[in-house]
file model-v9.tsv (TSV, C-alpha atoms and all ligand atoms)
chain	number	residue	atom	x	y	z
A	1230	MET	CA	162.72	95.65	12.28
A	1231	ALA	CA	164.38	97.41	15.17
A	1232	ASP	CA	164.90	101.16	15.01
A	1233	PRO	CA	168.53	102.38	15.35
A	1234	SER	CA	167.26	105.68	16.77
A	1235	LYS	CA	165.84	103.72	19.73
A	1236	ARG	CA	169.02	101.75	20.29
A	1237	LEU	CA	169.40	100.95	24.02
A	1238	GLU	CA	172.45	102.41	25.74
A	1239	GLY	CA	173.37	99.02	27.14
A	1240	ASN	CA	174.32	97.64	23.69
A	1241	VAL	CA	178.01	97.46	22.82
A	1242	GLU	CA	179.09	99.35	19.68
A	1243	GLY	CA	178.60	97.56	16.37
A	1244	ASP	CA	176.10	96.30	13.78
A	1245	PHE	CA	173.74	94.38	16.05
A	1246	PHE	CA	171.56	96.12	18.64
A	1247	VAL	CA	168.34	95.87	20.64
A	1248	ASP	CA	165.98	98.85	20.74
A	1249	SER	CA	163.74	100.18	23.49
A	1250	THR	CA	160.68	98.21	22.28
A	1251	CYS	CA	162.27	95.09	23.86
A	1252	ARG	CA	160.01	93.28	26.36
A	1253	ASN	CA	162.76	91.05	27.72
A	1254	MET	CA	161.19	87.78	26.52
A	1255	ASP	CA	164.67	86.16	26.44
A	1256	ILE	CA	164.49	84.61	22.96
A	1257	CYS	CA	167.62	86.35	21.63
A	1258	ARG	CA	169.62	85.17	24.66
A	1259	GLN	CA	168.42	81.61	24.03
A	1260	ILE	CA	169.30	81.69	20.32
A	1261	ALA	CA	172.58	83.61	20.45
A	1262	PRO	CA	173.82	83.15	24.02
A	1263	GLU	CA	177.34	84.40	23.29
A	1264	ASN	CA	176.10	87.74	22.01
A	1265	PHE	CA	172.96	88.81	23.89
A	1266	THR	CA	172.83	89.54	27.59
A	1267	TYR	CA	170.84	91.30	30.33
A	1268	TRP	CA	170.66	95.06	30.90
A	1269	ASN	CA	168.09	96.49	33.34
A	1270	ASP	CA	164.72	95.07	32.20
A	1271	TYR	CA	165.92	94.52	28.64
A	1272	ALA	CA	168.05	92.26	26.50
A	1273	VAL	CA	171.03	93.94	24.79
A	1274	VAL	CA	174.01	92.96	22.66
A	1275	GLY	CA	176.83	92.26	25.12
A	1276	LYS	CA	179.32	91.21	22.46
A	1277	GLN	CA	179.11	91.67	18.69
A	1278	PRO	CA	179.21	88.34	16.83
A	1279	GLU	CA	182.58	86.95	15.81
A	1280	GLY	CA	182.86	84.11	13.32
A	1281	ASP	CA	180.21	82.40	11.18
A	1282	LYS	CA	178.35	80.60	13.97
A	1283	GLU	CA	177.80	83.66	16.16
A	1284	LEU	CA	176.86	85.77	13.14
A	1285	ARG	CA	174.29	83.19	12.01
A	1286	GLN	CA	172.80	82.89	15.49
A	1287	SER	CA	172.58	86.66	15.87
A	1288	LEU	CA	170.77	86.94	12.53
A	1289	GLN	CA	168.39	84.18	13.68
A	1290	ALA	CA	167.74	86.23	16.83
A	1291	VAL	CA	166.71	89.19	14.63
A	1292	LEU	CA	164.12	86.96	12.92
A	1293	CYS	CA	162.81	85.40	16.14
A	1294	CYS	CA	162.24	88.50	18.28
A	1295	PRO	CA	158.42	88.69	18.46
A	1296	TYR	CA	158.44	92.48	18.81
A	1297	GLY	CA	161.04	93.26	16.14
A	1298	SER	CA	163.29	94.75	18.81
A	1299	VAL	CA	166.52	93.12	17.62
A	1300	GLY	CA	168.20	94.72	14.62
A	1301	THR	CA	171.31	94.77	12.52
A	1302	VAL	CA	172.66	97.58	10.39
A	1303	ASN	CA	173.63	95.06	7.71
A	1304	LYS	CA	170.45	93.21	6.71
A	1305	ALA	CA	171.93	91.49	3.64
A	1306	ASN	CA	171.77	87.91	4.94
A	1307	LEU	CA	168.35	87.90	6.56
A	1308	VAL	CA	166.49	86.36	3.63
A	1309	GLU	CA	168.97	83.50	3.45
A	1310	VAL	CA	168.76	82.94	7.22
A	1311	MET	CA	164.97	82.54	6.99
A	1312	GLN	CA	165.69	79.17	5.36
A	1313	ASP	CA	167.18	77.92	8.65
A	1314	PHE	CA	163.73	77.49	10.17
A	1315	PRO	CA	162.44	75.23	11.49
A	1316	LEU	CA	165.78	74.69	13.18
A	1317	GLN	CA	166.57	71.10	14.04
A	1318	ILE	CA	167.06	70.59	17.79
A	1319	ASP	CA	167.45	66.81	17.96
A	1320	ASN	CA	166.42	64.08	15.52
A	1321	GLU	CA	162.88	64.82	14.29
A	1322	VAL	CA	162.27	67.65	16.78
A	1323	TYR	CA	162.62	71.25	15.56
A	1324	PHE	CA	162.36	74.79	16.92
A	1325	CYS	CA	160.06	76.82	14.65
A	1326	GLY	CA	161.50	80.30	15.25
A	1327	PHE	CA	159.46	83.34	14.16
A	1328	ASN	CA	158.10	83.74	17.68
A	1329	SER	CA	154.78	85.57	17.57
A	1330	PRO	CA	153.67	88.62	19.56
A	1331	LYS	CA	150.26	86.90	19.69
A	1332	THR	CA	151.73	84.33	22.10
A	1333	SER	CA	153.94	86.85	23.94
A	1334	GLY	CA	156.82	85.36	22.00
A	1335	GLY	CA	156.31	81.73	23.02
A	1336	ASN	CA	158.71	79.15	21.61
A	1337	CYS	CA	157.03	76.74	19.19
A	1338	TYR	CA	158.17	73.31	18.12
A	1339	PHE	CA	157.65	71.00	15.15
A	1340	VAL	CA	157.81	67.19	15.28
A	1341	ARG	CA	158.08	65.05	12.15
A	1342	HIS	CA	156.24	61.77	12.63
A	1343	LYS	CA	155.22	58.94	10.33
A	1344	SER	CA	151.57	59.23	11.39
A	1345	GLY	CA	151.51	62.98	10.64
A	1346	ASN	CA	153.57	65.96	11.78
A	1347	TRP	CA	152.85	68.06	14.86
A	1348	LEU	CA	153.14	71.71	15.76
A	1349	PHE	CA	153.44	72.43	19.46
A	1350	ASN	CA	151.87	75.90	19.75
A	1351	THR	CA	152.12	78.27	16.83
A	1352	PRO	CA	154.69	80.77	15.57
A	1353	LYS	CA	154.01	83.71	13.25
A	1354	TYR	CA	152.21	82.62	10.09
A	1355	GLN	CA	155.26	83.49	8.02
A	1356	ALA	CA	155.35	82.59	4.32
A	1357	GLN	CA	158.88	81.19	4.24
A	1358	LEU	CA	158.28	79.04	7.31
A	1359	VAL	CA	154.98	77.75	5.92
A	1360	LYS	CA	156.79	76.75	2.73
A	1361	ARG	CA	159.49	74.89	4.68
A	1362	LEU	CA	156.84	73.08	6.73
A	1363	GLU	CA	155.18	72.04	3.48
A	1364	GLU	CA	158.50	70.63	2.25
A	1365	LEU	CA	158.85	68.69	5.50
A	1366	GLY	CA	155.47	67.02	4.99
A	1367	GLY	CA	153.01	69.60	6.31
A	1368	VAL	CA	151.22	69.66	9.64
A	1369	ALA	CA	148.55	67.17	10.75
A	1370	ASN	CA	148.14	68.13	14.42
A	1371	ILE	CA	148.43	71.44	16.25
A	1372	PHE	CA	148.78	71.01	19.98
A	1373	ILE	CA	147.77	74.17	21.86
A	1374	SER	CA	149.21	73.92	25.37
A	1375	HIS	CA	146.92	76.62	26.75
A	1376	ARG	CA	144.90	79.68	25.83
A	1377	ASP	CA	147.80	82.17	25.79
A	1378	ASP	CA	149.55	80.26	23.03
A	1379	ALA	CA	146.73	79.71	20.54
A	1380	GLY	CA	148.33	82.45	18.41
A	1381	GLU	CA	147.73	81.90	14.71
A	1382	ALA	CA	146.61	78.29	15.07
A	1383	GLU	CA	143.53	78.97	12.98
A	1384	LYS	CA	145.60	80.05	9.95
A	1385	PHE	CA	147.94	77.06	10.22
A	1386	ALA	CA	144.98	74.67	10.66
A	1387	SER	CA	143.21	76.10	7.66
A	1388	HIS	CA	146.29	76.01	5.40
A	1389	PHE	CA	147.42	72.49	6.36
A	1390	GLU	CA	143.96	71.04	7.11
A	1391	ALA	CA	145.39	70.21	10.52
A	1392	LYS	CA	143.48	69.31	13.67
A	1393	ARG	CA	143.82	71.74	16.58
A	1394	ILE	CA	143.97	69.98	19.96
A	1395	ILE	CA	143.10	72.01	23.06
A	1396	HIS	CA	141.67	71.33	26.52
A	1397	ARG	CA	138.03	72.27	27.11
A	1398	HIS	CA	138.99	74.81	29.80
A	1399	GLU	CA	141.01	76.68	27.16
A	1400	ALA	CA	138.62	76.26	24.24
A	1401	GLU	CA	137.26	79.81	24.61
A	1402	ALA	CA	140.54	80.93	23.03
A	1403	GLN	CA	140.10	78.65	20.00
A	1404	PRO	CA	136.39	78.03	19.53
A	1405	GLY	CA	136.85	76.35	16.15
A	1406	ALA	CA	139.30	73.72	17.46
A	1407	GLU	CA	138.67	70.29	15.95
A	1408	ILE	CA	139.60	68.25	19.05
A	1409	ILE	CA	138.58	69.39	22.52
A	1410	LEU	CA	139.92	67.27	25.37
A	1411	SER	CA	138.38	66.89	28.80
A	1412	GLU	CA	140.81	64.43	30.41
A	1413	THR	CA	142.28	65.26	33.79
A	1414	GLU	CA	144.87	62.47	33.97
A	1415	ALA	CA	147.86	61.81	31.73
A	1416	TYR	CA	147.19	59.37	28.90
A	1417	GLN	CA	148.52	57.99	25.63
A	1418	TYR	CA	146.91	60.05	22.87
A	1419	GLN	CA	148.47	58.01	20.08
A	1420	PRO	CA	151.66	55.93	19.79
A	1421	ASP	CA	154.66	58.07	20.89
A	1422	PHE	CA	152.48	60.97	22.07
A	1423	PHE	CA	151.54	61.13	25.75
A	1424	LEU	CA	149.39	64.07	26.87
A	1425	ILE	CA	149.63	65.39	30.42
A	1426	PRO	CA	146.85	67.68	31.66
A	1427	ALA	CA	148.73	70.05	33.94
A	1428	PRO	CA	146.49	72.73	35.48
A	1429	GLY	CA	148.32	75.55	37.18
A	1430	HIS	CA	149.35	78.40	34.90
A	1431	THR	CA	145.83	78.08	33.46
A	1432	GLU	CA	143.09	75.61	34.30
A	1433	GLY	CA	143.32	73.60	31.08
A	1434	HIS	CA	147.08	73.85	30.58
A	1435	MET	CA	148.59	70.67	29.11
A	1436	MET	CA	152.08	69.28	28.50
A	1437	MET	CA	153.08	66.66	25.95
A	1438	LEU	CA	155.67	63.93	26.34
A	1439	TYR	CA	157.00	62.55	23.08
A	1440	LYS	CA	158.76	59.18	22.88
A	1441	ASP	CA	159.58	59.28	26.61
A	1442	LYS	CA	162.36	61.67	25.68
A	1443	TYR	CA	161.03	65.14	24.86
A	1444	LEU	CA	158.81	67.00	27.32
A	1445	PHE	CA	157.00	69.96	25.76
A	1446	SER	CA	156.29	71.73	29.04
A	1447	GLY	CA	154.27	74.79	27.96
A	1448	ASP	CA	154.26	77.46	30.67
A	1449	SER	CA	155.14	75.36	33.70
A	1450	LEU	CA	158.75	74.14	33.75
A	1451	TYR	CA	161.92	75.61	32.22
A	1452	TYR	CA	165.67	75.69	32.76
A	1453	ASP	CA	166.90	78.58	34.89
A	1454	ARG	CA	170.28	79.50	33.38
A	1455	LYS	CA	171.33	81.73	36.26
A	1456	GLU	CA	170.76	78.99	38.85
A	1457	SER	CA	171.68	76.11	36.48
A	1458	ARG	CA	168.61	74.11	37.44
A	1459	LEU	CA	165.09	73.21	36.36
A	1460	GLN	CA	162.52	75.63	37.72
A	1461	ILE	CA	158.74	75.52	38.06
A	1462	TRP	CA	156.98	78.75	37.08
A	1463	SER	CA	156.82	81.50	39.66
A	1464	PRO	CA	153.50	82.12	41.40
A	1465	LEU	CA	153.61	85.62	39.94
A	1466	TRP	CA	152.85	84.17	36.52
A	1467	THR	CA	150.48	81.44	37.58
A	1468	TRP	CA	147.04	82.66	36.56
A	1469	TYR	CA	145.00	79.74	37.88
A	1470	SER	CA	146.62	77.97	40.85
A	1471	TYR	CA	150.20	77.75	42.04
A	1472	GLU	CA	149.46	74.75	44.27
A	1473	GLU	CA	147.74	72.86	41.46
A	1474	GLN	CA	150.72	73.63	39.26
A	1475	THR	CA	153.01	71.90	41.77
A	1476	MET	CA	150.65	68.92	41.91
A	1477	SER	CA	150.68	68.83	38.11
A	1478	MET	CA	154.48	68.67	38.15
A	1479	GLU	CA	154.24	65.60	40.40
A	1480	LYS	CA	152.72	63.79	37.43
A	1481	LEU	CA	156.23	63.88	35.95
A	1482	LEU	CA	157.78	61.89	38.80
A	1483	GLY	CA	157.00	58.52	37.25
A	1484	LYS	CA	158.08	59.60	33.77
A	1485	SER	CA	161.47	59.58	32.20
A	1486	PHE	CA	162.70	62.13	29.67
A	1487	GLU	CA	165.84	63.98	28.60
A	1488	TRP	CA	164.64	67.23	27.07
A	1489	VAL	CA	162.50	70.02	28.51
A	1490	LEU	CA	161.18	72.22	25.71
A	1491	PRO	CA	159.26	75.13	27.26
A	1492	SER	CA	157.07	77.74	25.60
A	1493	HIS	CA	158.73	80.51	27.61
A	1494	GLY	CA	162.23	80.05	28.96
A	1495	GLN	CA	165.39	78.10	28.23
A	1496	ARG	CA	165.20	74.56	26.87
A	1497	VAL	CA	167.59	71.95	28.23
A	1498	PHE	CA	168.97	68.47	27.63
A	1499	LEU	CA	169.98	66.43	30.70
A	1500	SER	CA	170.57	62.73	31.30
A	1501	LYS	CA	167.44	60.89	32.48
A	1502	GLU	CA	168.94	60.51	35.95
A	1503	GLU	CA	169.87	64.19	36.22
A	1504	MET	CA	166.47	65.24	34.87
A	1505	LYS	CA	164.66	63.10	37.43
A	1506	ALA	CA	166.75	64.53	40.28
A	1507	GLN	CA	166.18	68.09	39.09
A	1508	VAL	CA	162.40	67.61	38.69
A	1509	GLU	CA	162.23	66.24	42.24
A	1510	ALA	CA	164.29	69.14	43.60
A	1511	ALA	CA	162.14	71.72	41.74
A	1512	ILE	CA	158.96	70.18	43.21
A	1513	ASP	CA	160.46	70.17	46.71
A	1514	ARG	CA	161.34	73.86	46.38
A	1515	ALA	CA	157.84	74.66	45.09
A	1516	TRP	CA	156.20	72.97	48.12
A	1517	SER	CA	158.58	74.55	50.59
A	1518	GLU	CA	157.89	78.02	49.21
A	1519	PRO	CA	154.12	77.84	48.84
A	1520	ASP	CA	152.98	80.87	46.91
A	1521	PRO	CA	155.11	83.43	48.77
A	1522	GLU	CA	153.90	86.30	46.61
A	1523	ALA	CA	150.24	85.35	46.48
A	1524	ALA	CA	148.97	88.58	47.94
A	1525	SER	CA	151.49	91.12	46.73
A	1526	PRO	CA	150.44	94.37	45.03
A	1527	GLU	CA	152.69	93.35	42.12
A	1528	ARG	CA	150.76	90.15	41.54
A	1529	VAL	CA	147.41	91.95	41.74
A	1530	ALA	CA	148.66	94.40	39.09
A	1531	ILE	CA	149.83	91.57	36.81
A	1532	LEU	CA	146.51	89.75	37.14
A	1533	GLU	CA	144.55	92.93	36.41
A	1534	SER	CA	146.64	93.65	33.35
A	1535	TYR	CA	146.12	90.07	32.15
A	1536	ALA	CA	142.35	90.35	32.72
A	1537	GLY	CA	142.41	93.47	30.51
A	1538	GLU	CA	144.31	91.62	27.77
A	1539	LEU	CA	141.84	88.73	27.90
A	1540	SER	CA	138.95	91.13	27.41
A	1541	GLU	CA	140.65	92.49	24.31
A	1542	LEU	CA	141.28	88.93	23.12
A	1543	ASN	CA	137.56	88.25	23.35
A	1544	GLN	CA	137.80	85.86	26.29
A	1545	PRO	CA	135.30	87.56	28.62
A	1546	GLU	CA	134.58	84.60	30.89
A	1547	TYR	CA	138.22	84.00	31.67
A	1548	ALA	CA	138.83	87.72	32.08
A	1549	LYS	CA	136.10	87.76	34.78
A	1550	LEU	CA	137.72	84.85	36.60
A	1551	ILE	CA	141.14	86.48	36.58
A	1552	GLN	CA	139.70	89.84	37.70
A	1553	ALA	CA	137.86	88.09	40.56
A	1554	LYS	CA	141.14	86.50	41.63
A	1555	ALA	CA	142.88	89.89	41.56
A	1556	ASP	CA	140.07	91.40	43.68
A	1557	TRP	CA	140.32	88.55	46.19
A	1558	LEU	CA	144.11	88.84	46.45
A	1559	ARG	CA	143.82	92.57	47.07
A	1560	THR	CA	141.72	91.87	50.17
A	1561	LEU	CA	144.55	89.66	51.51
A	1562	ILE	CA	147.28	92.29	51.23
A	1563	LYS	CA	148.29	93.36	54.73
B	1	FE	FE	150.93	81.36	29.20
call {"tool": "encode", "arguments": {"input": "model-v9.tsv", "output": "structure tokens"}}
result
Amino acid sequence: MADPSKRLEGNVEGDFFVDSTCRNMDICRQIAPENFTYWNDYAVVGKQPEGDKELRQSLQAVLCCPYGSVGTVNKANLVEVMQDFPLQIDNEVYFCGFNSPKTSGGNCYFVRHKSGNWLFNTPKYQAQLVKRLEELGGVANIFISHRDDAGEAEKFASHFEAKRIIHRHEAEAQPGAEIILSETEAYQYQPDFFLIPAPGHTEGHMMMLYKDKYLFSGDSLYYDRKESRLQIWSPLWTWYSYEEQTMSMEKLLGKSFEWVLPSHGQRVFLSKEEMKAQVEAAIDRAWSEPDPEAASPERVAILESYAGELSELNQPEYAKLIQAKADWLRTLIK
């Protein structure tokens, strides 16, 4: 829970606040867009909630901040609000909430399906959420989009006897995974579930298209609220290959869908026609701005910090690869 003594100056007066432990992962702004806003490199409360809807969303934001940086002076309703999760987005597709620091606060999704339910990446292993997932029929499959988002997959798999699905290039992060994929092209995994290997952010990064309607995009494609358009991930955050990431996005050109549900970043619903046009435009922009920051000191620093994190996460081989890339980029800086 956030600490009132660390309350950021940028918050407006009132019950809700963000403290200085905030890492600006954007989740509060996605959940309670009327109340949370930007301030320097942080999120803050820009307007205290008014009315039931804003109050509920702001309380949900308290529960979803992975770093416990969002707080409220009046905590009375938090236990009741826990029951909101997973939060229905559309039909049988839900947002799990309880974003985990182990996935840098990635958004996780739950899909109810007659052949067995799916988790797309994993939230905190939180008792109330686990109970609700049990009531909704449990979890049969856990799709891990890439190594950064393995999170607490092992605990969920063990509790629900679920199968963890991960690409072989990411398997170092989840060595006990039940299903390790090696495909490089998109394919139908089972009825309604289409898997799309999409190297870029990491080598074995994958997306999932459900019912030709919902694209779970992992760390590759999100909705940029400021520009009001779909956006492919910046080269700054592309650990493996920015160019391959753009090629991976081209796999979407022949597909049709209406939702983009990213791990990091804003989700969006658009008509199929609008979605297609925006995907095409995002790809055009990515090709016309090929890796403009490839050899910047900032990117070298980010890669080095990530290599350090990977070492701590017991992924030494990948840490070496990322460090080698940082060393190579440093030689290119003019
Ligand atoms: Fe990631």
call {"tool": "closest_residue", "arguments": {"input": "model-v9.tsv", "among": "A:Ala1406, A:Ala1548, A:Ile1373, A:Ala1555", "to": "ligand FE 1 (chain B)", "atoms": "all atoms listed in the file"}}
result
A:Ile1373
call {"tool": "residues_near_ligand", "arguments": {"input": "model-v9.tsv", "ligand": "ligand FE 1 (chain B)", "cutoff": "9 Å", "atoms": "all atoms listed in the file", "output": "list of chain:residue names"}}
result
A:Thr1332, A:Ser1333, A:Gly1335, A:Ser1374, A:His1375, A:Arg1376, A:Asp1377, A:Asp1378, A:His1430, A:Thr1431, A:His1434, A:Gly1447, A:Asp1448, A:Ser1449, A:Trp1466, A:Thr1467, A:Trp1468, A:Ser1492, A:His1493
call {"tool": "closest_residue", "arguments": {"input": "model-v9.tsv", "among": "A:Leu1465, A:Ser1457, A:Met1478, A:Ile1409", "to": "Ala1427 (chain A)", "atoms": "all atoms listed in the file"}}
result
A:Met1478
call {"tool": "closest_residue", "arguments": {"input": "model-v9.tsv", "among": "A:Arg1258, A:Arg1514, A:Lys1480, A:Arg1397", "to": "Glu1412 (chain A)", "atoms": "all atoms listed in the file"}}
result
A:Arg1397
call {"tool": "residues_around", "arguments": {"input": "model-v9.tsv", "residues": "Gln1460 (chain A)", "least_positions_apart": "4", "cutoff": "8 Å", "atoms": "all atoms listed in the file", "output": "mmCIF file with C-alpha atoms, keeping the file's coordinate frame"}}
result
data_model
loop_
_atom_site.group_PDB
_atom_site.id
_atom_site.type_symbol
_atom_site.label_atom_id
_atom_site.label_comp_id
_atom_site.auth_asym_id
_atom_site.auth_seq_id
_atom_site.Cartn_x
_atom_site.Cartn_y
_atom_site.Cartn_z
ATOM 1 C CA LEU A 1450 158.750 74.140 33.750
ATOM 2 C CA TYR A 1451 161.920 75.610 32.220
ATOM 3 C CA TYR A 1452 165.670 75.690 32.760
ATOM 4 C CA ASP A 1453 166.900 78.580 34.890
ATOM 5 C CA ALA A 1511 162.140 71.720 41.740
#
call {"tool": "closest_residue", "arguments": {"input": "model-v9.tsv", "among": "A:Glu1479, A:Asp1421, A:Asp1556, A:Glu1279", "to": "Trp1347 (chain A)", "atoms": "all atoms listed in the file"}}
result
A:Asp1421
call {"tool": "residues_around", "arguments": {"input": "model-v9.tsv", "residues": "region 1284-1296 of chain A", "least_positions_apart": "6", "cutoff": "9 Å", "atoms": "all atoms listed in the file", "output": "JSON, numbers by chain"}}
result
{"A": [1230, 1231, 1245, 1250, 1251, 1252, 1254, 1255, 1256, 1257, 1258, 1259, 1260, 1261, 1262, 1264, 1265, 1277, 1278, 1304, 1306, 1307, 1310, 1311, 1313, 1314, 1326, 1327, 1328, 1329, 1330, 1331, 1332, 1333, 1334, 1335, 1353]}
call {"tool": "atom_distance", "arguments": {"input": "model-v9.tsv", "atom1": "CA of Ala1400 (chain A)", "atom2": "CA of Ala1382 (chain A)"}}
result
12.3 Å
call {"tool": "residues_around", "arguments": {"input": "model-v9.tsv", "residues": "Leu1539 (chain A)", "least_positions_apart": "4", "cutoff": "10 Å", "atoms": "all atoms listed in the file", "output": "list of chain:residue names"}}
result
A:Arg1376, A:Asp1377, A:Ala1402, A:Glu1533, A:Ser1534, A:Tyr1535, A:Asn1543, A:Gln1544, A:Pro1545, A:Glu1546, A:Tyr1547, A:Ala1548, A:Lys1549, A:Ile1551
call {"tool": "atom_distance", "arguments": {"input": "model-v9.tsv", "atom1": "CA of Gly1345 (chain A)", "atom2": "CA of Val1368 (chain A)"}}
result
6.8 Å
call {"tool": "residues_near_point", "arguments": {"input": "model-v9.tsv", "point": "(155.9, 79.7, 6.1)", "cutoff": "12 Å", "atoms": "only C-alpha atoms", "output": "number ranges by chain"}}
result
A: 1311-1315, 1325-1327, 1351-1365, 1367-1368, 1384-1385, 1388-1389
call {"tool": "closest_residue", "arguments": {"input": "model-v9.tsv", "among": "A:Asp1270, A:Glu1263, A:Glu1283, A:Glu1383", "to": "Gly1239 (chain A)", "atoms": "all atoms listed in the file"}}
result
A:Asp1270
call {"tool": "closest_residue", "arguments": {"input": "model-v9.tsv", "among": "A:Lys1276, A:His1396, A:Arg1458, A:Lys1442", "to": "Ile1512 (chain A)", "atoms": "all atoms listed in the file"}}
result
A:Arg1458
call {"tool": "atom_distance", "arguments": {"input": "model-v9.tsv", "atom1": "CA of Asn1320 (chain A)", "atom2": "CA of Phe1339 (chain A)"}}
result
11.2 Å
call {"tool": "axis_aligned_box", "arguments": {"input": "model-v9.tsv", "around": "region 1295-1304 of chain A", "padding_each_side": "5 Å", "output": "lines of an AutoDock Vina configuration file"}}
result
center_x = 166.0
center_y = 93.1
center_z = 12.8
size_x = 25.2
size_y = 18.9
size_z = 22.1
